Structures are given as structure tokens and as C-alpha cells.
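Colleague: Quick one: the structure is below, questions incoming.
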Amino acid sequence: MYDVGYHHITNIDFSETVIENMRFRCKDKTEMSWIVMDVRDLIFQDESFDVVIDKGTMDALMCDEGDVWNPKSEVVEKVKKVVDEVVRILKVDGKFLYITFGQPHFRHRYLERSCWKIKMEKLDPDLFKPRYLLMQVEFSERQ
Ligand SMILES: C[S@@+](CC[C@H](N)C(=O)[O-])C[C@H]1O[C@@H](n2cnc3c(N)ncnc32)[C@H](O)[C@@H]1O
């Protein structure tokens with residue numbers, strides 16, 4: 001993204017090791033910021049981002065969901081709180097792009113909100129391995 005012109009990017013992970021390694025690997029991309037932060041406790045202000053992208057982080061939170069058909073309620077609540085935070089920090093015209101290796105019917109329940117609509121797209125398996133699904137969320141009527 002940086003290389004095609006998107007420079008104002010804030011990257012987070014709760015692992016200091018990940019953040020330090022990524023900061024080092026991207027040291028030539030000087031306008032991006034790298035912050036150690038738990039996705040369940042975002043410190044960003046309301047309506048401060050145009051786009052939020054998650055690739056695999058909410059999937060990580062779902063690792064111990066148990067039966068995928070009937071996930072543990074604490075896992076559902078935990079992930080829904082993350083999505084609530086995404087809603088909070090997105091601007092009114094903002095978009096949430098969730099890239100997941102999960103199947104759509106198992107992931108849909110976590111994203112459903114009355115304020116937005118969800119579009120799903122399978123990413124080209126020749127470009128993205130393992131197989132990834134993109135769930136794109138746009139506000140329809142923000143309260
Ligand atoms: C599957 S990896 C994806 C990493 C990266 N997005 C990518 O696509 O290469 C999941 C990442 O989520 C991070 N993670 C897991 N739980 C987190 C949390 N509660 N807050 C922030 N990061 C978390 C892990 O440290 C790990 O780097």
C-alpha cells in the first residue's frame with residue numbers, strides 16, 4: 001500500500017517483537033507509524049480513520065472459539081467488541097476491510113450491524129495463499 005502511495009498508515013499489533021521487526025523492515029517507509037496496542041483496547045479517537053484493515057488479527061482472537069457452528073459466547077463477545085471499536089474509530093464514510101481465512105458463514109455473524117452492509121469477495125488464490133476472503137463493510141445508515 002505504501003509503495004502505491006498510501007503513506008498515512010498506522011499499524012498496530014500487541015506483540016512488541018512484531019512491531020519492532022516490522023518497524024525495522026519498513027525503516028525506509030518513514031511516514032508510517034508502528035504502535036504496540038491491543039486491538040481490544042484501541043486508544044484512537046472516535047471517527048479518526050478512513051479505512052481500517054484487519055488481516056488475520058480477529059481470526060487469531062477466534063482461535064479458541066470451539067465449535068465453529070456454535071462458538072463460545074465469550075469469544076463472540078470479545079470479537080464483537082473489537083468490531084464495535086472499529087465502528088467507533090471509523091469516519092462516517094469509512095470502510096472496514098476484513099481479510100480472513102475463515103469461511104463466510106462462520107465470519108458473517110461477527111460483522112453484522114444495522115449501520116452497515118457487508119460485501120464479500122474471494123481473493124485470487126494465485127495471489128493470496130492461503131485462500132483468503134475479503135469482507136468489505138461500508139456504512140449505510142450510521143447512528
Ligand atoms: C495471523 S497474524 C496476522 C499478521 C498480519 N496482519 C499479516 O497478515 O501478516 C495475527 C497477528 O495478530 C496479533 N494479535 C493477536 N491478538 C491480538 C490483539 N488482541 N491485539 C493486537 N494484535 C493481536 C498477533 O500478534 C499476530 O501478529
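Residues are referred to by chain and number: the chain letter is A, B, ... according to the order shown in the C-alpha cells, the number counts from 1 in that chain, and ligands are numbered separately from 1 in the order shown.
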Give me, as a short mmCIF file (atom, residue, chain, number, x, y, z; two decimals) with N, CA and C atoms, in the first residue's frame, the set of residues whose atoms come within 10 Å of any atom of ligand 1, counting only C-alpha atoms and all ligand atoms.
Modeller:
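Below is the file that was written, out_12.cif:
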```
data_model
loop_
_atom_site.label_atom_id
_atom_site.label_comp_id
_atom_site.auth_asym_id
_atom_site.auth_seq_id
_atom_site.Cartn_x
_atom_site.Cartn_y
_atom_site.Cartn_z
N ASN A 11 -0.04 1.27 12.00
CA ASN A 11 -0.03 -0.19 12.14
C ASN A 11 0.01 -0.57 13.61
N ILE A 12 -0.82 -1.52 14.00
CA ILE A 12 -0.76 -1.96 15.40
C ILE A 12 -0.65 -3.49 15.50
N ASP A 13 -0.06 -3.91 16.60
CA ASP A 13 -0.04 -5.32 16.98
C ASP A 13 0.24 -5.32 18.48
N PHE A 14 -0.25 -6.32 19.20
CA PHE A 14 0.03 -6.31 20.65
C PHE A 14 1.38 -6.93 21.00
N SER A 15 2.08 -7.43 19.97
CA SER A 15 3.40 -8.03 20.20
C SER A 15 4.48 -6.99 19.95
N GLU A 16 5.28 -6.71 21.00
CA GLU A 16 6.39 -5.76 20.81
C GLU A 16 7.37 -6.27 19.78
N THR A 17 7.57 -7.60 19.76
CA THR A 17 8.52 -8.20 18.81
C THR A 17 8.07 -7.95 17.38
N VAL A 18 6.78 -8.17 17.13
CA VAL A 18 6.24 -7.95 15.77
C VAL A 18 6.44 -6.49 15.37
N ILE A 19 6.08 -5.58 16.28
CA ILE A 19 6.17 -4.15 15.94
C ILE A 19 7.62 -3.74 15.70
N ILE A 35 2.68 0.91 16.33
CA ILE A 35 2.30 1.09 17.74
C ILE A 35 1.96 -0.27 18.35
N VAL A 36 2.50 -0.51 19.54
CA VAL A 36 2.11 -1.71 20.28
C VAL A 36 0.76 -1.41 20.93
N MET A 37 -0.26 -2.13 20.52
CA MET A 37 -1.61 -1.86 21.05
C MET A 37 -2.47 -3.11 20.92
N ASP A 38 -3.30 -3.32 21.92
CA ASP A 38 -4.23 -4.45 21.89
C ASP A 38 -5.48 -4.02 21.12
N VAL A 39 -5.85 -4.83 20.15
CA VAL A 39 -7.00 -4.48 19.31
C VAL A 39 -8.30 -4.40 20.13
N ARG A 40 -8.27 -5.03 21.31
CA ARG A 40 -9.47 -4.99 22.16
C ARG A 40 -9.54 -3.71 22.98
N ASP A 41 -8.51 -2.90 22.89
CA ASP A 41 -8.46 -1.70 23.71
C ASP A 41 -7.80 -0.58 22.91
N LEU A 42 -8.46 -0.15 21.84
CA LEU A 42 -7.88 0.85 20.94
C LEU A 42 -7.91 2.22 21.60
N ILE A 53 -8.15 -1.89 8.31
CA ILE A 53 -7.90 -3.19 7.66
C ILE A 53 -7.47 -4.19 8.73
N ASP A 54 -8.12 -5.32 8.74
CA ASP A 54 -7.70 -6.42 9.60
C ASP A 54 -7.40 -7.62 8.73
N LYS A 55 -6.16 -8.10 8.77
CA LYS A 55 -5.84 -9.36 8.08
C LYS A 55 -5.35 -10.34 9.13
N GLY A 56 -6.25 -11.17 9.58
CA GLY A 56 -5.86 -12.28 10.45
C GLY A 56 -5.85 -12.00 11.94
N THR A 57 -6.05 -10.75 12.36
CA THR A 57 -5.98 -10.48 13.80
C THR A 57 -7.25 -10.95 14.51
N MET A 58 -8.41 -10.60 13.96
CA MET A 58 -9.64 -11.12 14.60
C MET A 58 -9.69 -12.64 14.47
N ASP A 59 -9.14 -13.17 13.36
CA ASP A 59 -9.06 -14.63 13.22
C ASP A 59 -8.28 -15.22 14.40
N ALA A 60 -7.19 -14.51 14.80
CA ALA A 60 -6.39 -15.00 15.92
C ALA A 60 -7.23 -15.04 17.20
N LEU A 61 -8.10 -14.03 17.38
CA LEU A 61 -8.95 -14.00 18.58
C LEU A 61 -9.98 -15.14 18.57
N MET A 62 -10.27 -15.65 17.36
CA MET A 62 -11.29 -16.71 17.23
C MET A 62 -10.69 -18.11 17.37
N CYS A 63 -9.37 -18.17 17.56
CA CYS A 63 -8.72 -19.49 17.56
C CYS A 63 -9.31 -20.46 18.58
N LYS A 78 -16.07 -11.10 22.65
CA LYS A 78 -14.74 -10.47 22.52
C LYS A 78 -14.55 -9.90 21.11
N VAL A 79 -14.91 -10.70 20.10
CA VAL A 79 -14.71 -10.24 18.71
C VAL A 79 -15.71 -9.13 18.38
N VAL A 82 -14.42 -5.89 19.46
CA VAL A 82 -13.41 -5.35 18.53
C VAL A 82 -14.12 -4.66 17.37
N ILE A 99 -9.84 -9.20 6.16
CA ILE A 99 -9.30 -10.28 5.33
C ILE A 99 -9.13 -11.50 6.23
N THR A 100 -9.81 -12.57 5.89
CA THR A 100 -9.88 -13.71 6.79
C THR A 100 -9.65 -15.00 6.02
N PHE A 101 -9.14 -16.00 6.73
CA PHE A 101 -9.05 -17.32 6.10
C PHE A 101 -10.27 -18.17 6.50
#
```
Colleague: Please determine, counting only C-alpha atoms, which residue among A:Asp3, A:Asp50, A:Glu77, A:Asp67 has the shortest atom-to-atom distance to Glu31 of chain A.
Modeller: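 Of A:Asp3, A:Asp50, A:Glu77, A:Asp67, the one nearest Glu31 of chain A, counting only C-alpha atoms, is A:Asp3.
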Colleague: Can you list every residue of segment 36-107 of chain A that has an atom at most 12 Å from segment 111-119 of chain A, with its nearest atom pair and the distance in Å to one decimal, using only C-alpha atoms, ordered by chain then number, as a Markdown table?
Modeller:
```
| residue | atom | partner | partner_atom | distance |
| --- | --- | --- | --- | --- |
| A:Met58 | CA | A:Leu111 | CA | 10.8 |
| A:Val76 | CA | A:Leu111 | CA | 10.4 |
| A:Glu77 | CA | A:Leu111 | CA | 11.6 |
| A:Val79 | CA | A:Leu111 | CA | 8.9 |
| A:Lys80 | CA | A:Leu111 | CA | 7.4 |
| A:Lys81 | CA | A:Leu111 | CA | 10.4 |
| A:Val82 | CA | A:Leu111 | CA | 9.9 |
| A:Val83 | CA | A:Leu111 | CA | 6.7 |
| A:Asp84 | CA | A:Arg113 | CA | 9.2 |
| A:Glu85 | CA | A:Leu111 | CA | 11.8 |
| A:Val86 | CA | A:Leu111 | CA | 10.3 |
| A:Val87 | CA | A:Cys115 | CA | 9.0 |
| A:Arg88 | CA | A:Cys115 | CA | 11.6 |
| A:Leu90 | CA | A:Trp116 | CA | 11.9 |
| A:Val92 | CA | A:Cys115 | CA | 10.4 |
| A:Asp93 | CA | A:Trp116 | CA | 10.6 |
| A:Gly94 | CA | A:Trp116 | CA | 10.4 |
| A:Lys95 | CA | A:Trp116 | CA | 9.5 |
| A:Phe96 | CA | A:Ile118 | CA | 9.4 |
| A:Leu97 | CA | A:Lys119 | CA | 9.7 |
| A:Tyr98 | CA | A:Leu111 | CA | 9.3 |
| A:Ile99 | CA | A:Lys119 | CA | 11.9 |
| A:Pro104 | CA | A:Lys119 | CA | 10.3 |
| A:His105 | CA | A:Leu111 | CA | 10.8 |
| A:Phe106 | CA | A:Leu111 | CA | 10.3 |
| A:Arg107 | CA | A:Leu111 | CA | 7.1 |
```
Colleague: Which value, in Å to one decimal, gives the distance between atom CA of Asn70 of chain A and atom CA of His108 of chain A?
Modeller: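 Atom CA of His108 of chain A lies at a distance of 13.3 Å from atom CA of Asn70 of chain A.
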Colleague: Select from segment 26-136 of chain A everything DSSP, run on the backbone, classes as alpha helix (DSSP H), then give the selection as a VMD selection string.
Modeller: chain A and resid 57 to 61 73 to 89 104 to 111
Colleague: Quick one: residues within 7 Å of Glu121 of chain A, only C-alpha atoms, excluding same-chain residues fewer than 4 positions away - as a PyMOL selection string?
Modeller: chain A and resi 133-135
Colleague: Enumerate as JSON, numbers by chain all residues of chain A assigned to strand (DSSP E or B) by DSSP on the backbone, naming them with the chain letters and numbers the document uses.
Modeller: {"A": [10, 11, 12, 13, 33, 34, 35, 36, 49, 50, 51, 52, 53, 54, 55, 90, 91, 92, 93, 94, 95, 96, 97, 98, 99, 100, 116, 117, 118, 119, 120, 121, 122, 133, 134, 135, 136, 137, 138, 139]}
Colleague: I'd like the interatomic distance between atom CA of Lys122 of chain A and atom CA of Val4 of chain A, to a tenth of an Å.
Modeller: 22.4 Å
Colleague: One decimal, in Å: what's the spacing between atom CA of Phe49 of chain A and atom CA of Lys27 of chain A?
Modeller: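 For atom CA of Phe49 of chain A relative to atom CA of Lys27 of chain A, the distance reads 22.9 Å.
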